[in-house]
Structure formats: structure tokens, C-alpha cells
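Dropping input-v4.pdb in here (PDB, C-alpha atoms):
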```
ATOM      1  CA  MET A1006      16.994 122.427 196.481
ATOM      2  CA  VAL A1007      16.958 125.641 194.477
ATOM      3  CA  TYR A1008      20.402 127.184 194.297
ATOM      4  CA  ASP A1009      21.142 130.860 194.491
ATOM      5  CA  ASP A1010      21.719 130.944 190.717
ATOM      6  CA  GLU A1011      18.528 129.054 189.722
ATOM      7  CA  PHE A1012      15.381 131.033 188.894
ATOM      8  CA  PRO A1013      16.457 134.067 190.925
ATOM      9  CA  GLU A1014      13.722 136.362 192.194
ATOM     10  CA  TYR A1015      14.040 139.888 190.807
ATOM     11  CA  VAL A1016      15.308 142.345 193.386
ATOM     12  CA  PRO A1017      15.393 146.091 192.566
ATOM     13  CA  VAL A1018      18.847 147.655 192.351
ATOM     14  CA  ALA A1019      18.165 150.072 195.203
ATOM     15  CA  GLN A1020      17.134 147.180 197.438
ATOM     16  CA  ARG A1021      20.291 145.218 196.553
ATOM     17  CA  LYS A1022      22.504 148.178 197.387
ATOM     18  CA  LYS A1023      20.694 148.806 200.656
ATOM     19  CA  LYS A1024      21.079 145.161 201.633
ATOM     20  CA  ALA A1025      24.797 145.294 200.861
ATOM     21  CA  GLU A1026      25.246 148.499 202.891
ATOM     22  CA  GLN A1027      23.470 146.932 205.854
ATOM     23  CA  ALA A1028      25.633 143.818 205.586
ATOM     24  CA  ILE A1029      28.817 145.929 205.494
ATOM     25  CA  ALA A1030      27.750 147.913 208.556
ATOM     26  CA  LYS A1031      27.015 144.686 210.418
ATOM     27  CA  LEU A1032      30.333 143.109 209.429
ATOM     28  CA  LYS A1033      32.351 146.173 210.449
ATOM     29  CA  LYS A1034      31.204 145.686 214.029
ATOM     30  CA  LYS A1035      32.745 142.203 214.019
ATOM     31  CA  ILE A1036      35.614 142.784 211.572
ATOM     32  CA  PRO A1037      36.709 146.449 211.557
ATOM     33  CA  SER A1038      39.337 145.711 208.893
ATOM     34  CA  ILE A1039      36.891 144.696 206.153
ATOM     35  CA  ALA A1040      37.552 146.324 202.795
ATOM     36  CA  PRO A1041      34.429 146.407 200.584
ATOM     37  CA  VAL A1042      34.719 146.912 196.834
ATOM     38  CA  VAL A1043      32.977 150.167 195.973
ATOM     39  CA  ILE A1044      32.226 150.911 192.321
ATOM     40  CA  THR A1045      31.431 154.490 191.360
ATOM     41  CA  GLY A1046      30.249 155.392 187.890
ATOM     42  CA  ARG A1047      29.213 153.120 185.034
ATOM     43  CA  VAL A1048      32.440 151.166 184.561
ATOM     44  CA  ILE A1049      33.934 148.634 186.961
ATOM     45  CA  THR A1050      37.593 149.401 186.240
ATOM     46  CA  LYS A1051      39.239 152.611 185.057
ATOM     47  CA  THR A1052      43.035 152.156 185.130
ATOM     48  CA  TRP A1053      45.253 150.182 182.750
ATOM     49  CA  TRP A1054      45.930 147.462 185.330
ATOM     50  CA  GLY A1055      42.299 147.079 186.348
ATOM     51  CA  LYS A1056      41.043 147.014 182.775
ATOM     52  CA  SER A1057      43.772 144.621 181.654
ATOM     53  CA  TRP A1058      42.958 142.218 184.499
ATOM     54  CA  SER A1059      39.295 142.042 183.477
ATOM     55  CA  SER A1060      40.089 141.908 179.745
ATOM     56  CA  ASN A1061      42.490 139.032 180.322
ATOM     57  CA  LEU A1062      39.832 136.960 182.090
ATOM     58  CA  GLU A1063      37.208 137.786 179.471
ATOM     59  CA  SER A1064      39.570 136.769 176.656
ATOM     60  CA  TYR A1065      39.467 133.090 177.607
ATOM     61  CA  ALA A1066      36.580 131.084 176.177
ATOM     62  CA  ASP A1067      36.052 129.044 179.360
ATOM     63  CA  TYR A1068      35.637 132.262 181.369
ATOM     64  CA  SER A1069      33.969 134.658 178.919
ATOM     65  CA  ASN A1070      30.528 132.996 179.081
ATOM     66  CA  ARG A1071      30.399 132.961 182.880
ATOM     67  CA  ILE A1072      32.303 135.891 184.322
ATOM     68  CA  ASP A1073      29.631 138.392 183.263
ATOM     69  CA  ARG A1074      27.421 136.873 185.937
ATOM     70  CA  GLY A1075      29.367 138.849 188.518
ATOM     71  CA  ARG A1076      29.099 142.289 186.928
ATOM     72  CA  SER A1077      25.836 143.318 188.543
ATOM     73  CA  TYR A1078      26.898 141.828 191.879
ATOM     74  CA  VAL A1079      30.090 143.859 192.126
ATOM     75  CA  ARG A1080      28.375 147.011 190.816
ATOM     76  CA  HIS A1081      25.685 146.774 193.486
ATOM     77  CA  GLY A1082      28.195 146.470 196.336
ATOM     78  CA  ALA A1083      27.836 142.742 196.955
ATOM     79  CA  VAL A1084      31.592 142.264 197.474
ATOM     80  CA  LEU A1085      31.602 143.174 201.154
ATOM     81  CA  ASP A1086      35.259 142.421 201.715
ATOM     82  CA  LEU A1087      38.191 141.613 199.450
ATOM     83  CA  LYS A1088      41.815 141.153 200.439
ATOM     84  CA  ILE A1089      44.817 140.371 198.242
ATOM     85  CA  THR A1090      47.968 138.642 199.439
ATOM     86  CA  GLU A1091      50.703 136.770 197.605
ATOM     87  CA  GLY A1092      49.004 134.143 195.443
ATOM     88  CA  ASN A1093      45.658 134.438 197.195
ATOM     89  CA  VAL A1094      42.441 136.458 197.234
ATOM     90  CA  THR A1095      39.757 136.103 199.889
ATOM     91  CA  ALA A1096      36.370 137.762 199.668
ATOM     92  CA  LEU A1097      32.972 137.908 201.307
ATOM     93  CA  VAL A1098      30.158 138.245 198.776
ATOM     94  CA  GLN A1099      26.501 138.865 199.620
ATOM     95  CA  GLY A1100      24.115 136.567 197.785
ATOM     96  CA  SER A1101      20.447 135.773 198.352
ATOM     97  CA  SER A1102      21.252 134.219 201.721
ATOM     98  CA  SER A1103      21.384 136.431 204.805
ATOM     99  CA  LYS A1104      24.964 135.316 205.464
ATOM    100  CA  PRO A1105      27.641 136.318 202.901
ATOM    101  CA  TYR A1106      29.505 133.595 201.048
ATOM    102  CA  GLN A1107      33.240 133.022 201.458
ATOM    103  CA  VAL A1108      35.189 133.137 198.186
ATOM    104  CA  ASP A1109      38.753 131.873 197.913
ATOM    105  CA  ILE A1110      40.818 132.393 194.770
ATOM    106  CA  THR A1111      44.333 131.028 194.417
ATOM    107  CA  ILE A1112      46.682 132.343 191.714
ATOM    108  CA  ALA A1113      49.814 130.407 190.789
ATOM    109  CA  PRO A1114      53.014 132.461 191.109
ATOM    110  CA  LEU A1115      54.505 133.928 187.959
ATOM    111  CA  SER A1116      57.272 131.626 186.751
ATOM    112  CA  LYS A1117      60.849 132.800 187.201
ATOM    113  CA  GLU A1118      61.466 132.263 183.504
ATOM    114  CA  THR A1119      58.601 134.564 182.509
ATOM    115  CA  TRP A1120      59.476 137.214 185.077
ATOM    116  CA  ASP A1121      63.173 137.262 184.128
ATOM    117  CA  ALA A1122      62.213 137.656 180.469
ATOM    118  CA  VAL A1123      59.847 140.544 181.285
ATOM    119  CA  VAL A1124      62.443 142.324 183.449
ATOM    120  CA  LYS A1125      65.048 141.971 180.702
ATOM    121  CA  GLU A1126      62.675 143.279 178.023
ATOM    122  CA  CYS A1127      61.679 146.272 180.167
ATOM    123  CA  ALA A1128      65.268 147.426 180.693
ATOM    124  CA  GLY A1129      65.502 151.113 179.813
ATOM    125  CA  LYS A1130      61.852 151.351 178.726
ATOM    126  CA  ILE A1131      60.121 152.413 181.952
ATOM    127  CA  GLY A1132      60.987 155.850 183.302
ATOM    128  CA  SER A1133      59.501 155.604 186.805
ATOM    129  CA  LEU A1134      57.281 153.680 189.160
ATOM    130  CA  GLN A1135      54.560 156.240 188.462
ATOM    131  CA  GLU A1136      54.670 155.461 184.737
ATOM    132  CA  LEU A1137      54.360 151.760 185.487
ATOM    133  CA  VAL A1138      51.417 152.260 187.855
ATOM    134  CA  GLU A1139      49.602 154.494 185.368
ATOM    135  CA  GLY A1140      50.222 152.144 182.442
ATOM    136  CA  GLN A1141      52.253 154.755 180.592
ATOM    137  CA  PHE A1142      54.780 152.611 178.803
ATOM    138  CA  PRO A1143      55.573 151.694 175.176
ATOM    139  CA  LYS A1144      53.009 149.691 173.205
ATOM    140  CA  GLY A1145      55.515 146.877 172.910
ATOM    141  CA  LEU A1146      55.470 146.413 176.692
ATOM    142  CA  THR A1147      51.672 146.448 176.724
ATOM    143  CA  GLU A1148      51.703 143.520 174.316
ATOM    144  CA  LEU A1149      54.425 141.774 176.328
ATOM    145  CA  PHE A1150      52.538 142.134 179.603
ATOM    146  CA  THR A1151      49.216 140.888 178.228
ATOM    147  CA  ILE A1152      50.202 138.095 175.823
ATOM    148  CA  GLN A1153      48.304 134.944 176.755
ATOM    149  CA  GLY A1154      50.380 132.274 178.460
ATOM    150  CA  LYS A1155      53.617 134.299 178.436
ATOM    151  CA  GLY A1156      52.682 137.660 179.939
ATOM    152  CA  LEU A1157      52.075 138.865 183.470
ATOM    153  CA  PHE A1158      48.384 137.965 183.666
ATOM    154  CA  PRO A1159      47.277 134.469 184.722
ATOM    155  CA  ALA A1160      45.593 131.908 182.485
ATOM    156  CA  PRO A1161      42.579 129.931 183.788
ATOM    157  CA  LYS A1162      44.795 126.892 184.451
ATOM    158  CA  GLU A1163      46.724 129.048 186.936
ATOM    159  CA  ILE A1164      43.581 130.068 188.832
ATOM    160  CA  THR A1165      41.784 127.927 191.417
ATOM    161  CA  LEU A1166      38.287 129.050 192.402
ATOM    162  CA  GLY A1167      36.237 128.244 195.467
ATOM    163  CA  CYS A1168      33.008 129.474 197.072
ATOM    164  CA  SER A1169      30.984 128.371 200.104
ATOM    165  CA  CYS A1170      27.664 128.721 198.242
ATOM    166  CA  PRO A1171      25.718 125.575 197.209
ATOM    167  CA  ASP A1172      26.071 126.284 193.476
ATOM    168  CA  SER A1173      28.032 123.466 191.860
ATOM    169  CA  ALA A1174      29.232 125.627 188.967
ATOM    170  CA  LYS A1175      32.987 126.216 188.763
ATOM    171  CA  MET A1176      32.367 129.943 188.529
ATOM    172  CA  CYS A1177      29.299 131.048 190.446
ATOM    173  CA  LYS A1178      28.136 134.665 190.574
ATOM    174  CA  HIS A1179      29.985 135.245 193.826
ATOM    175  CA  VAL A1180      33.323 134.096 192.423
ATOM    176  CA  ALA A1181      32.747 136.135 189.252
ATOM    177  CA  ALA A1182      31.990 139.219 191.350
ATOM    178  CA  ALA A1183      35.208 138.707 193.313
ATOM    179  CA  LEU A1184      37.231 138.363 190.095
ATOM    180  CA  TYR A1185      35.926 141.730 188.897
ATOM    181  CA  GLY A1186      36.521 143.090 192.380
ATOM    182  CA  ILE A1187      40.216 142.235 192.040
ATOM    183  CA  GLY A1188      40.436 144.477 188.991
ATOM    184  CA  ALA A1189      38.717 147.272 190.907
ATOM    185  CA  ARG A1190      41.228 146.832 193.715
ATOM    186  CA  PHE A1191      44.093 147.238 191.227
ATOM    187  CA  ASP A1192      42.531 150.609 190.326
ATOM    188  CA  GLU A1193      43.194 151.655 193.924
ATOM    189  CA  ASP A1194      46.671 150.157 194.197
ATOM    190  CA  ALA A1195      48.387 148.695 191.121
ATOM    191  CA  ALA A1196      51.251 147.385 193.277
ATOM    192  CA  LEU A1197      48.844 144.709 194.566
ATOM    193  CA  PHE A1198      49.047 143.073 191.126
ATOM    194  CA  PHE A1199      52.716 142.271 191.681
ATOM    195  CA  VAL A1200      52.006 141.128 195.243
ATOM    196  CA  LEU A1201      49.369 138.723 193.929
ATOM    197  CA  ARG A1202      51.731 137.312 191.288
ATOM    198  CA  GLY A1203      54.555 136.885 193.786
ATOM    199  CA  VAL A1204      57.142 139.131 192.116
ATOM    200  CA  ARG A1205      59.067 142.251 193.178
ATOM    201  CA  VAL A1206      58.051 145.373 191.320
ATOM    202  CA  ASP A1207      61.312 147.079 192.329
ATOM    203  CA  ASP A1208      63.214 144.504 190.224
ATOM    204  CA  LEU A1209      61.396 145.809 187.175
ATOM    205  CA  ILE A1210      61.919 149.475 187.983
ATOM    206  CA  SER A1211      65.513 149.326 189.191
ATOM    207  CA  GLU A1212      66.693 147.349 186.168
ATOM    208  CA  SER A1213      64.945 149.721 183.779
ATOM    209  CA  LEU A1214      66.329 152.833 185.485
ATOM    210  CA  ALA A1215      69.774 151.278 185.729
ATOM    211  CA  GLN A1216      69.771 150.695 181.992
ATOM    212  CA  LYS A1217      68.704 154.296 181.381
ATOM    213  CA  SER A1218      71.377 155.522 183.782
ATOM    214  CA  GLN A1219      74.033 153.545 181.951
ATOM    215  CA  SER A1220      72.908 154.937 178.612
ATOM    216  CA  LEU A1221      72.860 158.537 179.832
ATOM    217  CA  LEU A1222      75.941 158.522 182.024
ATOM    218  CA  GLY A1223      78.020 155.902 180.277
ATOM    219  CA  LYS A1224      78.857 154.243 183.590
ATOM    220  CA  PRO A1225      79.937 150.597 183.728
ATOM    221  CA  LYS A1226      77.679 147.878 185.074
ATOM    222  CA  GLY A1227      78.208 146.763 188.641
ATOM    223  CA  ARG A1228      76.915 146.786 192.200
ATOM    224  CA  GLY A1229      77.672 150.494 192.627
ATOM    225  CA  ARG A1230      75.319 151.335 189.770
ATOM    226  CA  ARG A1231      72.561 149.166 191.244
ATOM    227  CA  VAL A1232      72.947 150.675 194.719
ATOM    228  CA  MET A1233      72.776 154.185 193.250
ATOM    229  CA  VAL A1234      69.582 153.431 191.333
ATOM    230  CA  ASP A1235      67.956 151.641 194.275
ATOM    231  CA  ALA A1236      68.735 154.614 196.512
ATOM    232  CA  ASP A1237      67.132 156.965 193.986
ATOM    233  CA  ILE A1238      63.995 154.828 193.790
ATOM    234  CA  SER A1239      63.698 154.625 197.575
ATOM    235  CA  GLU A1240      64.062 158.392 197.947
ATOM    236  CA  VAL A1241      61.702 159.389 195.133
ATOM    237  CA  PHE A1242      58.919 156.850 195.644
ATOM    238  CA  GLY A1243      59.250 156.033 199.335
ATOM    239  CA  ILE A1244      59.627 152.276 198.868
ATOM    240  CA  GLU A1245      62.150 150.098 200.680
ATOM    241  CA  LEU A1246      64.305 147.909 198.460
ATOM    242  CA  ASP A1247      66.176 144.796 199.508
ATOM    243  CA  GLN A1248      69.877 145.621 199.225
ATOM    244  CA  SER A1249      70.908 142.005 199.796
TER
END
```

Can the structure in the file be given as C-alpha cells, please?
Amino acid sequence: MVYDDEFPEYVPVAQRKKKAEQAIAKLKKKIPSIAPVVITGRVITKTWWGKSWSSNLESYADYSNRIDRGRSYVRHGAVLDLKITEGNVTALVQGSSSKPYQVDITIAPLSKETWDAVVKECAGKIGSLQELVEGQFPKGLTELFTIQGKGLFPAPKEITLGCSCPDSAKMCKHVAAALYGIGARFDEDAALFFVLRGVRVDDLISESLAQKSQSLLGKPKGRGRRVMVDADISEVFGIELDQS
């Protein structure tokens, strides 16, 4: 048997894109909620969170030699559907077969120890949710977020990969395309990063703003301060915070 990754027949880019568009149109009739990954321009990711996700994966030796296999796939629209939930990513990726392959990626939750340390270090250093989303924070936090093994981004040992294709490789082209697709999805909504890692982004923001509020207003620590800051966040950014 010749696998999808062995001796692939050359297919023009225009033909690949057309095939992907036809597959998406067909899938939408059955699954109206499908969310294809659409790449515009020459780069796959543009925002700090999207770029940092891809850079993190590429920084590991056991991923760097294989993840590039998915670049052309995601660029040409082969990721027909990609959904992110807590600790899990599911995707449909078009390969050489007429039927798209099912990709399942599981991400271990961020440890409480790591998250608590990050929240503590961020206190007073992030001015708003918008700054966090746009990656506009001090260089020290950039290093904290991306440090291997201790930051916010997962290491390969925390990632479990699966694909329905016949390729026996741990990371086939379809999985690699989905991994890049995750970064592209973070470009659209950076909050999905925190959903995937199983942590509450409002913990990070409220603690940071509370620290700034204390510094500026000289008010004592306590529940009243937290409630005030949470109320401000909810009003300004339209997000509901758990007051319990």
C-alpha cells in the first residue's frame, strides 16, 4: 500500500485550492457549523499568540523536522474544519483521498503550579484584556509565557496526536496542518488559547488590574477590591466573571 505521504503525485496549487473549496461546500450541507481555516497572504500567523504557538512547536527538535509538512496543506485550505475546546482540538483535513481525514489533538491542562506562578508574575504588568490579546506586554512577560517547560505553551510530551489516515508517522501532514491551523485560529480569537489550556484568562487580568488599582489608589487588599476590579472588567470588555 502506498500511503498518502509516500511518493505524492504533484498537484498544482490552484487545483488543491479548488478541491478544498469543493470539499468545504459539500461538508457545509451536512455540517453547517464547520469552521475552515482560511489563510490570506504569505504568512500563516500574524498575531503574537498565533506566531508564538507555531514558534513553540518549531522550537522542539522532535517536531521541527516534521511540522513543516503541514505548511502547504494549511495554506491551500486543506483544513476544512477546526474546533478548539478545553484540552482538545478536532479537525477535518483534506488529503489525497476523496474523504477528509479526522485529526484529534489532545493538550494536557496547564498545571496549577505554573498558572499560579504566571498570574503572580503578571500582577500589575498588564493594563487590559486588549493588551493581553494583542501581545502588548513587557518583554519579561513574553519570556515568561514562552519559556520551554515552564511557560504557557505546551511541550511535545503534553500533546497527543491522532489522525485517521493510514500513515504510521506520529505527525503526518494532516496533523501538522491542524497544528498550524490552531495558530491561525488564535489570530482570530486569542482567548481560545486559554480555553485550550484549561485556565481562566480573567484570573490573569483581574489580578493584574487589582494590583495596579492598589498601587494607584492605595486601597487595602480584600474582596471589595476584587469585586470592584471584576465589575470594571465585565463592563469594559463584556465578559462575565465568576464572582464565587

Please, which residues are within 10 Å of (27.7, 130.0, 188.7) by the file's coordinates, counting all atoms listed in the file, and could they come as a short mmCIF file (atom, residue, chain, number, x, y, z; two decimals) with C-alpha atoms, keeping the file's coordinate frame?
```cif
data_model
loop_
_atom_site.label_atom_id
_atom_site.label_comp_id
_atom_site.auth_asym_id
_atom_site.auth_seq_id
_atom_site.Cartn_x
_atom_site.Cartn_y
_atom_site.Cartn_z
CA TYR A 1008 20.40 127.18 194.30
CA ASP A 1009 21.14 130.86 194.49
CA ASP A 1010 21.72 130.94 190.72
CA GLU A 1011 18.53 129.05 189.72
CA ARG A 1071 30.40 132.96 182.88
CA ILE A 1072 32.30 135.89 184.32
CA ARG A 1074 27.42 136.87 185.94
CA GLY A 1075 29.37 138.85 188.52
CA CYS A 1168 33.01 129.47 197.07
CA CYS A 1170 27.66 128.72 198.24
CA PRO A 1171 25.72 125.58 197.21
CA ASP A 1172 26.07 126.28 193.48
CA SER A 1173 28.03 123.47 191.86
CA ALA A 1174 29.23 125.63 188.97
CA LYS A 1175 32.99 126.22 188.76
CA MET A 1176 32.37 129.94 188.53
CA CYS A 1177 29.30 131.05 190.45
CA LYS A 1178 28.14 134.66 190.57
CA HIS A 1179 29.98 135.24 193.83
CA VAL A 1180 33.32 134.10 192.42
CA ALA A 1181 32.75 136.14 189.25
#
```

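Each of A:Pro1105, A:Arg1076, A:Val1123, A:Lys1088 was checked against Arg1047 of chain A using all atoms listed in the file; the smallest atom-to-atom distance is that of A:Arg1076.
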
Worksheet item: Hey, can you check how far atom CA of Gly1082 of chain A sits from atom CA of Leu1201 of chain A?
Response: 22.7 Å

Practice prompt. Identify, on the basis of only C-alpha atoms, every residue whose closest approach to Gly1188 of chain A does not exceed 8 Å; exclude the query and any residue fewer than 6 positions from it along the same chain; express the result as an MDAnalysis selection string.
Written response: chainID A and resid 1049:1050 1054:1056 1058:1059

Response to the item:
The distance between atom CA of Lys1033 of chain A and atom CA of Gln1099 of chain A is 14.3 Å

Within 12 Å of Ile1044 of chain A, counting all atoms listed in the file, which residues qualify if same-chain residues fewer than 2 places away don't, as an mmCIF file with C-alpha atoms, in the coordinates of the input?
```cif
data_model
loop_
_atom_site.group_PDB
_atom_site.id
_atom_site.type_symbol
_atom_site.label_atom_id
_atom_site.label_comp_id
_atom_site.auth_asym_id
_atom_site.auth_seq_id
_atom_site.Cartn_x
_atom_site.Cartn_y
_atom_site.Cartn_z
ATOM 1 C CA LYS A 1022 22.504 148.178 197.387
ATOM 2 C CA PRO A 1041 34.429 146.407 200.584
ATOM 3 C CA VAL A 1042 34.719 146.912 196.834
ATOM 4 C CA GLY A 1046 30.249 155.392 187.890
ATOM 5 C CA ARG A 1047 29.213 153.120 185.034
ATOM 6 C CA VAL A 1048 32.440 151.166 184.561
ATOM 7 C CA ILE A 1049 33.934 148.634 186.961
ATOM 8 C CA THR A 1050 37.593 149.401 186.240
ATOM 9 C CA LYS A 1051 39.239 152.611 185.057
ATOM 10 C CA ARG A 1076 29.099 142.289 186.928
ATOM 11 C CA SER A 1077 25.836 143.318 188.543
ATOM 12 C CA TYR A 1078 26.898 141.828 191.879
ATOM 13 C CA VAL A 1079 30.090 143.859 192.126
ATOM 14 C CA ARG A 1080 28.375 147.011 190.816
ATOM 15 C CA HIS A 1081 25.685 146.774 193.486
ATOM 16 C CA GLY A 1082 28.195 146.470 196.336
ATOM 17 C CA ALA A 1083 27.836 142.742 196.955
ATOM 18 C CA VAL A 1084 31.592 142.264 197.474
ATOM 19 C CA LEU A 1085 31.602 143.174 201.154
ATOM 20 C CA ALA A 1182 31.990 139.219 191.350
ATOM 21 C CA TYR A 1185 35.926 141.730 188.897
ATOM 22 C CA GLY A 1186 36.521 143.090 192.380
ATOM 23 C CA ILE A 1187 40.216 142.235 192.040
ATOM 24 C CA GLY A 1188 40.436 144.477 188.991
ATOM 25 C CA ALA A 1189 38.717 147.272 190.907
ATOM 26 C CA ARG A 1190 41.228 146.832 193.715
ATOM 27 C CA ASP A 1192 42.531 150.609 190.326
ATOM 28 C CA GLU A 1193 43.194 151.655 193.924
#
```

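Of note, atom CA of Pro1159 of chain A and atom CA of Ser1069 of chain A are spaced 14.5 Å apart.
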
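Using only C-alpha atoms, the shortest contact distance between Arg1205 of chain A and any of A:Leu1097, A:Leu1062, A:Leu1115, A:Val1043 is found at A:Leu1115.
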
For segment 1190-1202 of chain A, what centre and edge lengths in Å (one decimal) does the axis-aligned box get once 5 Å is added on each side of all its listed atoms, as AutoDock Vina command-line options?
```
--center_x 47.0 --center_y 144.5 --center_z 192.8 --size_x 21.5 --size_y 24.3 --size_z 14.9
```

Go through segment 1111-1132 of chain A residue by residue and, counting only C-alpha atoms, keep those with an atom at most 10 Å from segment 1140-1151 of chain A; for each kept residue give the shortest atom pair and its distance in Å to one decimal, ordered by chain and increasing number, as a tab-separated table.
```
residue	atom	partner	partner_atom	distance
A:Ala1122	CA	A:Leu1149	CA	9.7
A:Val1123	CA	A:Leu1149	CA	7.4
A:Glu1126	CA	A:Leu1146	CA	8.0
A:Cys1127	CA	A:Leu1146	CA	7.1
A:Lys1130	CA	A:Phe1142	CA	7.2
A:Ile1131	CA	A:Phe1142	CA	6.2
A:Gly1132	CA	A:Phe1142	CA	8.3
```

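Here the question is which of A:Ala1113, A:Val1094, A:Leu1137, A:Leu1032 gets nearest to Phe1158 of chain A using only C-alpha atoms, and that residue is A:Ala1113.
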
Practice prompt. Could you check which of A:Ser1211, A:Thr1165, A:Thr1052, A:Asn1061 is closest to Asn1093 of chain A, using only C-alpha atoms?
Written response: A:Thr1165
